[in-house]
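Listing of final35.txt; format and content: compact mmCIF, C-alpha atoms.
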```
# COMPACT_ATOMS: atom_id res chain seq x y z
CA PHE A 1 -39.80 -11.25 5.53
CA ILE A 2 -43.10 -11.51 7.48
CA LEU A 3 -43.69 -8.72 9.97
CA GLN A 4 -44.03 -10.05 13.49
CA TYR A 5 -44.52 -8.31 16.82
CA MET A 6 -44.37 -8.91 20.55
CA SER A 7 -47.13 -7.44 22.70
CA GLY A 8 -47.18 -5.41 25.90
CA PHE A 9 -46.51 -1.81 26.92
CA GLY A 10 -43.14 -1.22 28.61
CA ASN A 11 -42.44 -4.94 28.97
CA GLU A 12 -39.00 -6.52 29.28
CA HIS A 13 -38.73 -8.06 25.82
CA VAL A 14 -36.17 -10.50 24.44
CA SER A 15 -35.65 -10.96 20.70
CA GLU A 16 -33.21 -12.69 18.34
CA ASP A 17 -33.17 -12.77 14.56
CA PRO A 18 -34.00 -16.45 13.83
CA ARG A 19 -31.04 -16.58 11.40
CA CYS A 20 -28.72 -16.45 14.44
CA PRO A 21 -30.13 -18.58 17.26
CA GLY A 22 -28.39 -18.06 20.59
CA ALA A 23 -27.20 -14.55 19.68
CA LEU A 24 -28.29 -13.21 23.07
CA PRO A 25 -25.68 -13.79 25.79
CA GLU A 26 -26.91 -16.10 28.55
CA GLY A 27 -27.26 -14.63 32.01
CA GLN A 28 -25.22 -11.45 31.46
CA ASN A 29 -25.28 -8.32 29.31
CA ASN A 30 -21.64 -7.78 28.43
CA PRO A 31 -19.55 -10.98 28.11
CA GLN A 32 -15.88 -10.80 27.19
CA VAL A 33 -16.78 -12.23 23.77
CA CYS A 34 -20.38 -12.05 22.53
CA PRO A 35 -21.94 -14.90 20.50
CA TYR A 36 -21.24 -14.70 16.73
CA GLY A 37 -18.52 -12.10 17.41
CA LEU A 38 -21.13 -9.35 17.97
CA TYR A 39 -20.62 -6.09 19.83
CA ALA A 40 -22.70 -5.32 22.94
CA GLU A 41 -24.14 -1.79 23.12
CA GLN A 42 -26.52 -0.34 25.71
CA LEU A 43 -29.14 2.25 24.75
CA SER A 44 -30.29 4.18 27.84
CA GLY A 45 -33.67 5.91 27.85
CA SER A 46 -33.42 7.10 31.46
CA ALA A 47 -30.79 8.00 34.03
CA PHE A 48 -29.09 4.88 35.42
CA THR A 49 -30.38 5.79 38.90
CA CYS A 50 -34.08 6.25 38.00
CA PRO A 51 -36.50 4.27 40.20
CA ARG A 52 -37.09 0.80 38.77
CA PRO A 53 -40.64 1.55 37.45
CA THR A 54 -39.26 4.38 35.28
CA ASN A 55 -35.88 2.88 34.38
CA LYS A 56 -35.57 2.32 30.63
CA ARG A 57 -32.75 0.65 28.76
CA SER A 58 -32.08 -1.98 26.12
CA TRP A 59 -29.02 -4.00 25.22
CA LEU A 60 -28.29 -4.36 21.50
CA TYR A 61 -26.00 -7.02 20.00
CA ARG A 62 -24.75 -5.71 16.69
CA ILE A 63 -22.34 -6.49 13.87
CA LEU A 64 -20.56 -3.14 14.34
CA PRO A 65 -21.18 -0.59 17.11
CA SER A 66 -22.94 2.65 16.17
CA VAL A 67 -19.82 4.67 17.09
CA CYS A 68 -18.24 3.76 13.71
CA HIS A 69 -19.04 6.87 11.69
CA LYS A 70 -17.34 9.97 10.31
CA PRO A 71 -17.85 13.30 12.17
CA PHE A 72 -21.30 14.94 12.10
CA LYS A 73 -21.71 17.99 9.89
CA PRO A 74 -24.66 20.43 9.79
CA LEU A 75 -27.50 19.47 7.45
CA GLU A 76 -30.06 21.84 5.96
CA GLU A 77 -33.12 21.67 8.25
CA GLY A 78 -35.72 22.97 5.77
CA HIS A 79 -38.86 23.76 7.75
CA LEU A 80 -37.84 21.99 10.95
CA THR A 81 -37.33 24.49 13.78
CA HIS A 82 -37.51 25.12 17.50
CA ASN A 83 -37.33 28.91 17.13
CA TRP A 84 -40.59 29.99 18.73
CA ASP A 85 -39.93 33.71 18.10
CA GLU A 86 -40.07 33.74 14.29
CA VAL A 87 -43.41 35.54 14.28
CA GLU A 88 -45.48 37.43 16.84
CA PRO A 89 -47.76 35.37 19.15
CA ASP A 90 -51.27 34.76 17.80
CA PRO A 91 -54.04 33.99 20.35
CA ASN A 92 -56.73 33.45 17.68
CA GLN A 93 -58.57 30.22 17.01
CA LEU A 94 -56.52 28.74 14.17
CA ARG A 95 -57.49 26.14 11.59
CA TRP A 96 -55.50 24.74 8.69
CA LYS A 97 -56.80 23.20 5.48
CA PRO A 98 -55.22 19.85 4.57
CA PHE A 99 -51.46 20.25 4.21
CA GLU A 100 -50.39 19.79 0.60
CA ILE A 101 -48.19 16.86 -0.40
CA PRO A 102 -45.86 17.82 -3.25
CA LYS A 103 -45.92 15.60 -6.35
CA ALA A 104 -42.76 13.48 -6.68
CA PRO A 105 -41.78 14.70 -10.18
CA GLN A 106 -41.78 18.34 -8.95
CA LYS A 107 -40.14 17.86 -5.57
CA LYS A 108 -38.92 14.63 -4.00
CA LEU A 109 -39.36 14.66 -0.23
CA ASP A 110 -38.61 11.80 2.11
CA PHE A 111 -39.69 11.63 5.77
CA VAL A 112 -36.81 13.83 7.01
CA SER A 113 -36.90 16.46 4.27
CA GLY A 114 -40.72 16.48 4.58
CA LEU A 115 -40.76 17.51 8.27
CA HIS A 116 -42.47 20.88 8.87
CA THR A 117 -42.75 22.34 12.38
CA LEU A 118 -46.18 23.87 13.02
CA CYS A 119 -46.00 24.93 16.67
CA GLY A 120 -44.30 24.22 19.96
CA ALA A 121 -42.84 25.51 23.21
CA GLY A 122 -39.89 24.90 25.47
CA GLU A 123 -36.36 23.97 24.67
CA PRO A 124 -34.58 20.70 23.90
CA ARG A 125 -31.40 21.78 25.72
CA GLY A 126 -33.36 22.29 28.94
CA ARG A 127 -35.16 18.93 28.37
CA ASN A 128 -38.61 20.45 28.74
CA GLY A 129 -40.97 21.17 25.90
CA ILE A 130 -42.91 19.84 22.94
CA ALA A 131 -43.20 20.43 19.21
CA VAL A 132 -45.92 19.55 16.70
CA HIS A 133 -44.69 18.68 13.21
CA ILE A 134 -46.48 17.85 9.97
CA PHE A 135 -44.78 15.39 7.65
CA VAL A 136 -45.53 15.29 3.93
CA CYS A 137 -43.46 12.97 1.76
CA ASN A 138 -43.57 11.10 -1.53
CA THR A 139 -40.36 9.06 -1.56
CA SER A 140 -38.66 6.54 0.73
CA MET A 141 -35.52 7.22 2.75
CA LEU A 142 -32.69 5.58 0.82
CA ASN A 143 -29.47 4.82 2.70
CA ARG A 144 -30.53 7.41 5.26
CA CYS A 145 -31.74 7.03 8.83
CA LEU A 146 -32.75 9.50 11.53
CA TYR A 147 -32.44 9.51 15.27
CA ASN A 148 -33.79 12.16 17.61
CA SER A 149 -31.38 13.22 20.36
CA ASP A 150 -33.94 15.75 21.65
CA GLY A 151 -36.88 13.53 22.58
CA ASP A 152 -39.58 11.09 21.52
CA PHE A 153 -41.62 11.14 18.30
CA LEU A 154 -45.28 10.05 18.46
CA ILE A 155 -46.15 9.55 14.78
CA VAL A 156 -49.76 9.65 13.52
CA PRO A 157 -50.00 8.69 9.82
CA GLN A 158 -53.05 10.19 8.11
CA GLN A 159 -52.56 9.23 4.45
CA GLY A 160 -50.34 6.40 3.24
CA LYS A 161 -48.67 3.68 5.26
CA LEU A 162 -45.18 3.81 6.73
CA LEU A 163 -42.82 0.84 6.74
CA ILE A 164 -40.43 1.82 9.51
CA THR A 165 -37.14 -0.02 9.90
CA THR A 166 -35.61 0.44 13.36
CA GLU A 167 -32.61 -1.00 15.16
CA PHE A 168 -35.11 -3.28 16.96
CA GLY A 169 -36.87 -4.53 13.81
CA LYS A 170 -39.53 -3.45 11.33
CA MET A 171 -43.03 -2.00 11.91
CA LEU A 172 -45.78 -1.29 9.40
CA VAL A 173 -47.83 1.69 10.59
CA GLU A 174 -51.03 2.53 8.69
CA PRO A 175 -53.59 5.32 9.12
CA ASN A 176 -55.61 4.72 12.32
CA GLU A 177 -52.45 3.34 13.93
CA ILE A 178 -49.77 5.30 15.76
CA CYS A 179 -46.19 4.54 16.66
CA VAL A 180 -43.65 5.95 19.09
CA ILE A 181 -39.95 6.13 18.25
CA GLN A 182 -38.20 7.00 21.50
CA GLN A 183 -35.17 9.23 22.01
CA GLY A 184 -31.99 7.99 20.34
CA MET A 185 -33.50 5.14 18.29
CA ARG A 186 -32.38 5.04 14.67
CA PHE A 187 -35.10 4.55 12.09
CA SER A 188 -35.72 4.82 8.37
CA VAL A 189 -39.13 5.31 6.71
CA GLU A 190 -40.28 3.67 3.49
CA VAL A 191 -43.44 5.07 1.85
CA PHE A 192 -45.65 3.88 -0.99
CA GLY A 193 -46.80 7.10 -2.65
CA GLU A 194 -48.06 10.41 -1.32
CA THR A 195 -47.91 10.26 2.47
CA ARG A 196 -48.93 12.68 5.21
CA GLY A 197 -49.30 12.73 8.96
CA TYR A 198 -48.73 14.43 12.29
CA ILE A 199 -45.94 14.16 14.89
CA LEU A 200 -46.00 15.05 18.58
CA GLU A 201 -42.45 15.46 19.85
CA VAL A 202 -41.77 15.65 23.58
CA TYR A 203 -38.48 16.71 25.13
CA GLY A 204 -37.59 15.42 28.57
CA ALA A 205 -40.33 12.86 29.24
CA HIS A 206 -41.41 9.53 27.79
CA PHE A 207 -44.97 8.55 26.97
CA GLU A 208 -46.74 6.27 29.42
CA LEU A 209 -50.23 4.88 29.91
CA PRO A 210 -52.41 7.20 31.99
CA ASP A 211 -53.43 6.06 35.48
CA LEU A 212 -56.99 4.73 35.53
CA GLY A 213 -58.06 5.81 39.03
CA PRO A 214 -61.74 4.97 39.71
CA ILE A 215 -62.09 3.44 36.23
CA GLY A 216 -60.32 0.43 37.72
CA ALA A 217 -58.01 -2.17 36.23
CA ASN A 218 -59.30 -2.22 32.65
CA GLY A 219 -60.20 0.32 29.99
CA LEU A 220 -58.84 2.97 27.65
CA ALA A 221 -55.66 1.67 25.92
CA ASN A 222 -54.87 -1.79 27.23
CA PRO A 223 -51.16 -2.63 27.64
CA ARG A 224 -51.38 -5.89 25.70
CA ASP A 225 -52.46 -4.07 22.51
CA PHE A 226 -49.13 -2.26 22.11
CA LEU A 227 -46.83 -4.05 19.67
CA VAL A 228 -43.03 -4.11 19.59
CA PRO A 229 -41.01 -5.28 16.55
CA VAL A 230 -38.89 -8.44 16.60
CA ALA A 231 -35.14 -8.44 15.90
CA TRP A 232 -34.14 -8.20 12.25
CA TYR A 233 -30.70 -7.36 10.91
CA GLU A 234 -29.06 -6.59 7.62
CA ASP A 235 -25.31 -7.10 7.18
CA ARG A 236 -25.06 -4.62 4.34
CA GLN A 237 -22.04 -2.65 3.19
CA VAL A 238 -22.78 0.75 1.66
CA PRO A 239 -19.56 1.85 -0.08
CA GLY A 240 -21.27 4.94 -1.49
CA GLY A 241 -22.01 6.10 2.05
CA TYR A 242 -24.87 5.58 4.48
CA THR A 243 -26.09 8.84 6.05
CA VAL A 244 -27.00 8.87 9.74
CA ILE A 245 -28.97 12.02 10.60
CA SER A 246 -29.15 13.31 14.17
CA LYS A 247 -31.74 15.81 15.32
CA TYR A 248 -29.71 17.52 18.04
CA GLN A 249 -30.66 20.70 19.94
CA GLY A 250 -33.35 21.32 17.33
CA LYS A 251 -31.02 21.18 14.34
CA LEU A 252 -30.06 18.42 11.90
CA PHE A 253 -26.59 16.93 11.52
CA ALA A 254 -25.41 14.19 9.13
CA ALA A 255 -22.60 11.65 9.49
CA GLN A 256 -21.41 9.14 6.91
CA GLN A 257 -20.64 5.47 7.48
CA ASP A 258 -20.11 2.58 5.09
CA PHE A 259 -22.57 0.05 6.56
CA SER A 260 -26.26 -0.19 7.44
CA PRO A 261 -27.06 0.85 11.05
CA PHE A 262 -29.80 -1.82 11.14
CA ASN A 263 -27.25 -4.49 12.05
CA VAL A 264 -28.70 -5.54 15.42
CA VAL A 265 -28.89 -9.35 15.49
CA ALA A 266 -30.48 -9.61 18.95
CA TRP A 267 -31.64 -7.32 21.74
CA HIS A 268 -33.31 -7.34 25.13
CA GLY A 269 -34.77 -4.61 27.32
CA ASN A 270 -37.77 -2.37 27.94
CA TYR A 271 -36.72 0.66 25.87
CA THR A 272 -38.17 0.00 22.43
CA PRO A 273 -40.18 1.51 19.59
CA TYR A 274 -43.83 0.43 19.59
CA LYS A 275 -47.11 0.80 17.71
CA TYR A 276 -50.81 0.75 18.61
CA HIS A 277 -54.06 0.46 16.64
CA LEU A 278 -56.56 3.13 17.68
CA GLU A 279 -59.53 0.78 17.12
CA LYS A 280 -58.34 -1.21 20.15
CA PHE A 281 -59.15 1.70 22.48
CA MET A 282 -61.87 0.81 25.02
CA VAL A 283 -64.02 3.93 25.24
CA ILE A 284 -65.38 5.05 28.61
CA ASN A 285 -68.37 7.41 28.47
CA SER A 286 -71.29 8.99 30.32
CA VAL A 287 -74.44 6.83 30.44
CA ALA A 288 -76.68 9.23 32.42
CA PHE A 289 -76.27 12.96 31.74
CA ASP A 290 -73.66 15.61 30.94
CA HIS A 291 -70.10 14.95 29.73
CA ALA A 292 -67.25 13.17 31.36
CA ASP A 293 -64.09 15.24 30.84
CA PRO A 294 -62.23 14.50 27.59
CA SER A 295 -59.35 13.11 29.67
CA ILE A 296 -61.26 9.79 29.48
CA PHE A 297 -60.06 9.61 25.86
CA THR A 298 -56.33 9.74 26.72
CA VAL A 299 -54.28 7.03 24.98
CA LEU A 300 -50.80 8.10 26.15
CA THR A 301 -49.48 10.82 28.42
CA ALA A 302 -46.08 12.42 28.92
CA LYS A 303 -46.10 13.72 32.48
CA SER A 304 -44.72 17.06 33.63
CA THR A 305 -43.07 17.56 37.00
CA ARG A 306 -46.41 18.76 38.43
CA PRO A 307 -48.71 15.93 39.57
CA GLY A 308 -51.76 15.56 37.37
CA VAL A 309 -50.49 18.02 34.74
CA ALA A 310 -49.30 16.63 31.42
CA LEU A 311 -46.46 17.97 29.38
CA ALA A 312 -48.52 16.44 26.57
CA ASP A 313 -51.47 14.06 26.27
CA PHE A 314 -52.41 12.12 23.14
CA VAL A 315 -56.22 11.95 23.10
CA ILE A 316 -58.57 10.38 20.50
CA PHE A 317 -62.29 10.73 19.74
CA PRO A 318 -63.28 7.30 18.39
CA PRO A 319 -66.67 5.95 17.26
CA ARG A 320 -68.92 5.34 20.30
CA TRP A 321 -72.51 5.49 21.53
CA GLY A 322 -73.99 8.73 22.84
CA VAL A 323 -76.87 8.15 25.29
CA ALA A 324 -76.80 11.07 27.74
CA ASN A 325 -80.27 12.35 28.77
CA ASN A 326 -81.28 16.03 28.74
CA THR A 327 -77.77 16.90 27.58
CA PHE A 328 -76.22 19.02 24.85
CA ARG A 329 -74.18 16.19 23.45
CA PRO A 330 -71.45 17.76 21.29
CA PRO A 331 -68.41 19.27 23.03
CA TYR A 332 -69.43 22.28 25.13
CA TYR A 333 -68.12 25.84 24.80
CA HIS A 334 -64.84 26.01 26.59
CA ARG A 335 -61.85 28.08 27.66
CA ASN A 336 -58.93 25.92 28.72
CA CYS A 337 -55.70 26.45 30.70
CA MET A 338 -54.12 23.93 28.30
CA SER A 339 -53.29 24.20 24.57
CA GLU A 340 -55.41 22.00 22.29
CA PHE A 341 -54.04 20.95 18.89
CA MET A 342 -56.45 18.78 16.89
CA GLY A 343 -56.00 16.70 13.76
CA LEU A 344 -58.33 14.50 11.75
CA ILE A 345 -57.29 11.12 10.37
CA LYS A 346 -60.59 10.35 8.61
CA GLY A 347 -64.29 11.25 8.53
CA HIS A 348 -66.08 14.35 9.88
CA TYR A 349 -65.56 15.69 13.39
CA GLU A 350 -68.91 16.06 15.21
CA ALA A 351 -68.54 19.70 16.34
CA LYS A 352 -67.22 20.97 13.00
CA GLU A 353 -68.84 19.08 10.13
CA GLU A 354 -67.53 21.62 7.59
CA GLY A 355 -64.04 23.06 7.27
CA PHE A 356 -62.13 20.69 9.59
CA GLN A 357 -60.84 18.12 7.12
CA PRO A 358 -58.66 15.00 7.18
CA GLY A 359 -55.03 16.06 6.89
CA GLY A 360 -55.83 19.52 8.28
CA ALA A 361 -55.58 20.76 11.86
CA SER A 362 -56.75 23.30 14.41
CA LEU A 363 -55.16 24.97 17.42
CA HIS A 364 -57.10 26.48 20.31
CA SER A 365 -54.55 28.19 22.49
CA MET A 366 -54.59 28.80 26.23
CA MET A 367 -57.80 30.54 27.34
CA THR A 368 -58.92 31.12 23.73
CA PRO A 369 -62.65 30.23 23.62
CA HIS A 370 -63.84 27.49 21.29
CA GLY A 371 -66.75 25.13 20.79
CA PRO A 372 -69.37 23.96 18.28
CA ASP A 373 -70.12 26.07 15.23
CA ALA A 374 -73.55 27.69 14.88
CA ASP A 375 -75.00 24.92 12.72
CA CYS A 376 -73.93 22.21 15.18
CA PHE A 377 -75.35 24.19 18.14
CA GLU A 378 -78.77 24.64 16.52
CA LYS A 379 -79.03 21.00 15.45
CA ALA A 380 -77.92 19.58 18.81
CA SER A 381 -80.21 21.91 20.80
CA LYS A 382 -83.29 20.63 18.92
CA ALA A 383 -82.29 17.00 18.41
CA LYS A 384 -84.56 14.23 19.70
CA LEU A 385 -82.34 12.50 22.29
CA GLU A 386 -82.10 8.82 21.48
CA PRO A 387 -79.14 6.47 21.69
CA GLU A 388 -77.00 7.31 18.65
CA ARG A 389 -73.66 6.37 17.17
CA VAL A 390 -71.26 9.26 17.49
CA ALA A 391 -68.27 9.74 15.17
CA GLU A 392 -68.99 6.62 13.09
CA GLY A 393 -66.30 6.27 10.41
CA THR A 394 -64.29 9.06 12.02
CA MET A 395 -61.06 9.38 13.96
CA ALA A 396 -60.08 12.78 15.33
CA PHE A 397 -57.28 13.24 17.84
CA MET A 398 -55.85 15.92 20.10
CA PHE A 399 -52.35 16.76 21.29
CA GLU A 400 -53.07 18.61 24.54
CA SER A 401 -50.29 20.39 26.42
CA SER A 402 -49.82 22.44 29.58
CA LEU A 403 -47.36 24.60 27.59
CA SER A 404 -48.42 27.72 25.69
CA LEU A 405 -47.61 26.90 22.07
CA ALA A 406 -46.03 29.34 19.64
CA ILE A 407 -46.82 29.06 15.92
CA THR A 408 -44.00 28.93 13.38
CA LYS A 409 -43.69 31.18 10.36
CA TRP A 410 -44.37 28.09 8.22
CA GLY A 411 -47.62 27.48 10.10
CA LEU A 412 -48.90 31.06 9.83
CA GLN A 413 -47.57 32.02 6.40
CA THR A 414 -45.38 29.74 4.29
CA SER A 415 -47.64 26.65 4.34
CA ASN A 416 -50.42 28.75 2.79
CA CYS A 417 -52.94 26.42 4.47
CA LEU A 418 -54.23 28.70 7.26
CA ASP A 419 -58.02 29.14 7.02
CA LYS A 420 -58.52 32.90 7.38
CA ASN A 421 -62.30 32.45 7.65
CA TYR A 422 -62.34 30.05 10.62
CA TYR A 423 -63.78 32.66 13.02
CA LYS A 424 -66.85 33.04 10.79
CA CYS A 425 -68.23 29.62 11.83
CA TRP A 426 -69.32 31.19 15.15
CA GLU A 427 -70.68 34.47 13.74
CA PRO A 428 -74.22 33.14 13.07
CA LEU A 429 -74.64 32.23 16.78
CA LYS A 430 -77.54 34.37 18.05
CA SER A 431 -78.99 35.20 21.44
CA HIS A 432 -81.83 32.94 22.59
CA PHE A 433 -82.15 34.88 25.85
CA ASN A 434 -85.78 35.22 26.94
CA PRO A 435 -86.30 36.86 30.36
```
Using structure tokens, write down the structure that the file contains.
Amino acid sequence: FILQYMSGFGNEHVSEDPRCPGALPEGQNNPQVCPYGLYAEQLSGSAFTCPRPTNKRSWLYRILPSVCHKPFKPLEEGHLTHNWDEVEPDPNQLRWKPFEIPKAPQKKLDFVSGLHTLCGAGEPRGRNGIAVHIFVCNTSMLNRCLYNSDGDFLIVPQQGKLLITTEFGKMLVEPNEICVIQQGMRFSVEVFGETRGYILEVYGAHFELPDLGPIGANGLANPRDFLVPVAWYEDRQVPGGYTVISKYQGKLFAAQQDFSPFNVVAWHGNYTPYKYHLEKFMVINSVAFDHADPSIFTVLTAKSTRPGVALADFVIFPPRWGVANNTFRPPYYHRNCMSEFMGLIKGHYEAKEEGFQPGGASLHSMMTPHGPDADCFEKASKAKLEPERVAEGTMAFMFESSLSLAITKWGLQTSNCLDKNYYKCWEPLKSHFNP
């Protein structure tokens, strides 16, 4: 099976598994009898009455409908949570060393059992909020799939590639790529060794491309670079039991069925999973002096109900040229009304050469000051300003949110990855004041 994709963000796509030509009904969604004796099933990603630009739905033509399962029963959640009151709030600058991936012989973890919630805010029942999860796994999901009833998963692999089977088809997602699995879509993750990454989950909004304003028609993430899988089905009986896991109101539930849920022979619609390669991002930057705001690095945004304020933005800091004159070029010292969670896929982040490592993370909470460490400040203040490549061989990213994020007990204590010495990177900063 050769992986193939269709391109375009939010497009109306049409796809049939080539083994069953003509599987899509002609000219209607729900004929009395579907081709090949398939069942028609609609997956709605928005209210029926949403305005057309925001209306999301797909029609799936499947061997058996997804309603054929035994009742859901609670499943042990492990370190997945939406309880934001486990520990007291912590306004400090927080940094985590790379999150450890257990060795398979000691502890087998697949994508679901390897989910660990680090921080978040809001509430899935009220359809407003976000969560940041770390996934660490060493084994593939076998006869198990997951779907998220609470919201969308934006998945950022950092180590190891993910072969993701969805109801819409298969996607291979490698480090420096991202994918989005939207609310309600069933998926199963195959891995090829020790695997780690980050997840931004949003409740109550879908990701969209940011408006470009004065930038104009082109730039940042271009719609044509987003890839959607093509239809692929398996007609597979699983007498021993196939487990369908639902993440519902923050908890996990499992139901058994005796067939593979990836039995969609054809589909059409604009509500799909998709992936994107971060190298395709067209960077916009200052070519005179000072900094443009980091919002110019936004790949995807999930809007809140307030205009111009994101529930969550996914922002990247890719390799680029720095040419600004008479300018302190690294990120400036800053206190923000938003929460800034950062991760590193590869390389060394420019403002924190030491300590911030691939597979680790940092969180600078609302109005908590942050900025370059002392070493970075001294170097950048004395540097001869010439055109230079910034962040070569690096990819850092940020999940930025208008919500005030609470840290989980796992994040502060159980993970044992919190860097207690983070604050010391600013201690050598000294006064240069000379009246």
Name all residues at most 12 Å from Tyr349 in chain A (count all atoms listed in the file; drop same-chain ones fewer than 2 positions away) and give them as a PDB file with C-alpha atoms, in the coordinates of the input.
```pdb
ATOM      1  CA  ILE A 316     -58.570  10.380  20.500  1.00  0.00           C
ATOM      2  CA  PHE A 317     -62.290  10.730  19.740  1.00  0.00           C
ATOM      3  CA  PRO A 318     -63.280   7.300  18.390  1.00  0.00           C
ATOM      4  CA  PRO A 319     -66.670   5.950  17.260  1.00  0.00           C
ATOM      5  CA  PRO A 330     -71.450  17.760  21.290  1.00  0.00           C
ATOM      6  CA  PRO A 331     -68.410  19.270  23.030  1.00  0.00           C
ATOM      7  CA  MET A 342     -56.450  18.780  16.890  1.00  0.00           C
ATOM      8  CA  GLY A 343     -56.000  16.700  13.760  1.00  0.00           C
ATOM      9  CA  LEU A 344     -58.330  14.500  11.750  1.00  0.00           C
ATOM     10  CA  ILE A 345     -57.290  11.120  10.370  1.00  0.00           C
ATOM     11  CA  LYS A 346     -60.590  10.350   8.610  1.00  0.00           C
ATOM     12  CA  GLY A 347     -64.290  11.250   8.530  1.00  0.00           C
ATOM     13  CA  ALA A 351     -68.540  19.700  16.340  1.00  0.00           C
ATOM     14  CA  LYS A 352     -67.220  20.970  13.000  1.00  0.00           C
ATOM     15  CA  GLU A 353     -68.840  19.080  10.130  1.00  0.00           C
ATOM     16  CA  GLU A 354     -67.530  21.620   7.590  1.00  0.00           C
ATOM     17  CA  GLY A 355     -64.040  23.060   7.270  1.00  0.00           C
ATOM     18  CA  PHE A 356     -62.130  20.690   9.590  1.00  0.00           C
ATOM     19  CA  GLN A 357     -60.840  18.120   7.120  1.00  0.00           C
ATOM     20  CA  PRO A 358     -58.660  15.000   7.180  1.00  0.00           C
ATOM     21  CA  GLY A 360     -55.830  19.520   8.280  1.00  0.00           C
ATOM     22  CA  ALA A 361     -55.580  20.760  11.860  1.00  0.00           C
ATOM     23  CA  SER A 362     -56.750  23.300  14.410  1.00  0.00           C
ATOM     24  CA  PRO A 372     -69.370  23.960  18.280  1.00  0.00           C
ATOM     25  CA  ASP A 373     -70.120  26.070  15.230  1.00  0.00           C
ATOM     26  CA  CYS A 376     -73.930  22.210  15.180  1.00  0.00           C
ATOM     27  CA  VAL A 390     -71.260   9.260  17.490  1.00  0.00           C
ATOM     28  CA  ALA A 391     -68.270   9.740  15.170  1.00  0.00           C
ATOM     29  CA  GLU A 392     -68.990   6.620  13.090  1.00  0.00           C
ATOM     30  CA  GLY A 393     -66.300   6.270  10.410  1.00  0.00           C
ATOM     31  CA  THR A 394     -64.290   9.060  12.020  1.00  0.00           C
ATOM     32  CA  MET A 395     -61.060   9.380  13.960  1.00  0.00           C
ATOM     33  CA  ALA A 396     -60.080  12.780  15.330  1.00  0.00           C
ATOM     34  CA  PHE A 397     -57.280  13.240  17.840  1.00  0.00           C
ATOM     35  CA  MET A 398     -55.850  15.920  20.100  1.00  0.00           C
TER      36      MET A 398
END
```
From the set A:Gly204, A:Gly371, A:Pro435, A:Gly322, which residue has the shortest atom-to-atom contact distance to Phe289 in chain A, counting only C-alpha atoms?
->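 Counting only C-alpha atoms, the residue closest to Phe289 in chain A is A:Gly322.
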What is the CA of Cys34 in chain A to CA of Gln257 in chain A distance in Å?
->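 CA of Gln257 in chain A lies at a distance of 23.1 Å from CA of Cys34 in chain A.
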What are the nearest atom pairs, with distances in Å to one decimal, for all residues of range 237-330 of chain A that come at most 6 Å from range 2-19 of chain A, using only C-alpha atoms, set out by chain and rising residue number as a tab-separated table?
```
residue	atom	partner	partner_atom	distance
A:Val265	CA	A:Asp17	CA	5.6
A:Ala266	CA	A:Glu16	CA	4.2
A:Trp267	CA	A:Ser15	CA	5.5
A:His268	CA	A:Val14	CA	4.3
A:Gly269	CA	A:Glu12	CA	5.0
A:Asn270	CA	A:Glu12	CA	4.5
```
For Ser402 in chain A, which residue among A:Phe341, A:Trp232, A:Phe433, A:Tyr39 is the nearest when counting only C-alpha atoms?
->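 Looking only at the distances to Ser402 in chain A, the closest residue turns out to be A:Phe341.
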Determine, counting all atoms listed in the file, which protein, DNA and RNA residues have an atom within 8 Å of an atom of Gln159 in chain A; residues of the same chain fewer than 3 positions away are not included. Present the result as a PDB file with C-alpha atoms, in the frame of the given file.
```pdb
ATOM      1  CA  PRO A 175     -53.590   5.320   9.120  1.00  0.00           C
ATOM      2  CA  GLU A 194     -48.060  10.410  -1.320  1.00  0.00           C
ATOM      3  CA  THR A 195     -47.910  10.260   2.470  1.00  0.00           C
ATOM      4  CA  ARG A 196     -48.930  12.680   5.210  1.00  0.00           C
ATOM      5  CA  GLY A 197     -49.300  12.730   8.960  1.00  0.00           C
ATOM      6  CA  ILE A 345     -57.290  11.120  10.370  1.00  0.00           C
ATOM      7  CA  GLY A 359     -55.030  16.060   6.890  1.00  0.00           C
TER       8      GLY A 359
END
```
Just the residues within 10 Å of Ser44 in chain A, please, counting only C-alpha atoms, with nothing from its chain fewer than 6 positions along; format it as a list in words.
->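 Those residues are Asn55, Lys56, Arg57, Ser58, Trp59, Gln183, Gly184, Gly269, Asn270 and Tyr271 of chain A.
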Would you export the selected residues with C-alpha atoms as a PDB file, in the frame of the given file, please?
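Wrote it out as again_29.pdb, contents follow:
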```pdb
ATOM      1  CA  ASN A  55     -35.880   2.880  34.380  1.00  0.00           C
ATOM      2  CA  LYS A  56     -35.570   2.320  30.630  1.00  0.00           C
ATOM      3  CA  ARG A  57     -32.750   0.650  28.760  1.00  0.00           C
ATOM      4  CA  SER A  58     -32.080  -1.980  26.120  1.00  0.00           C
ATOM      5  CA  TRP A  59     -29.020  -4.000  25.220  1.00  0.00           C
ATOM      6  CA  GLN A 183     -35.170   9.230  22.010  1.00  0.00           C
ATOM      7  CA  GLY A 184     -31.990   7.990  20.340  1.00  0.00           C
ATOM      8  CA  GLY A 269     -34.770  -4.610  27.320  1.00  0.00           C
ATOM      9  CA  ASN A 270     -37.770  -2.370  27.940  1.00  0.00           C
ATOM     10  CA  TYR A 271     -36.720   0.660  25.870  1.00  0.00           C
TER      11      TYR A 271
END
```
Might you pull out every residue within 12 Å of Pro387 in chain A, with only C-alpha atoms counted and same-chain residues fewer than 6 positions away left off, and present them as a ChimeraX atom specification?
-> /A:286-288,320-325,329
Any idea what the distance is between CA of Arg224 in chain A and CA of Tyr276 in chain A?
->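 Going from CA of Arg224 in chain A over to CA of Tyr276 in chain A covers 9.7 Å.
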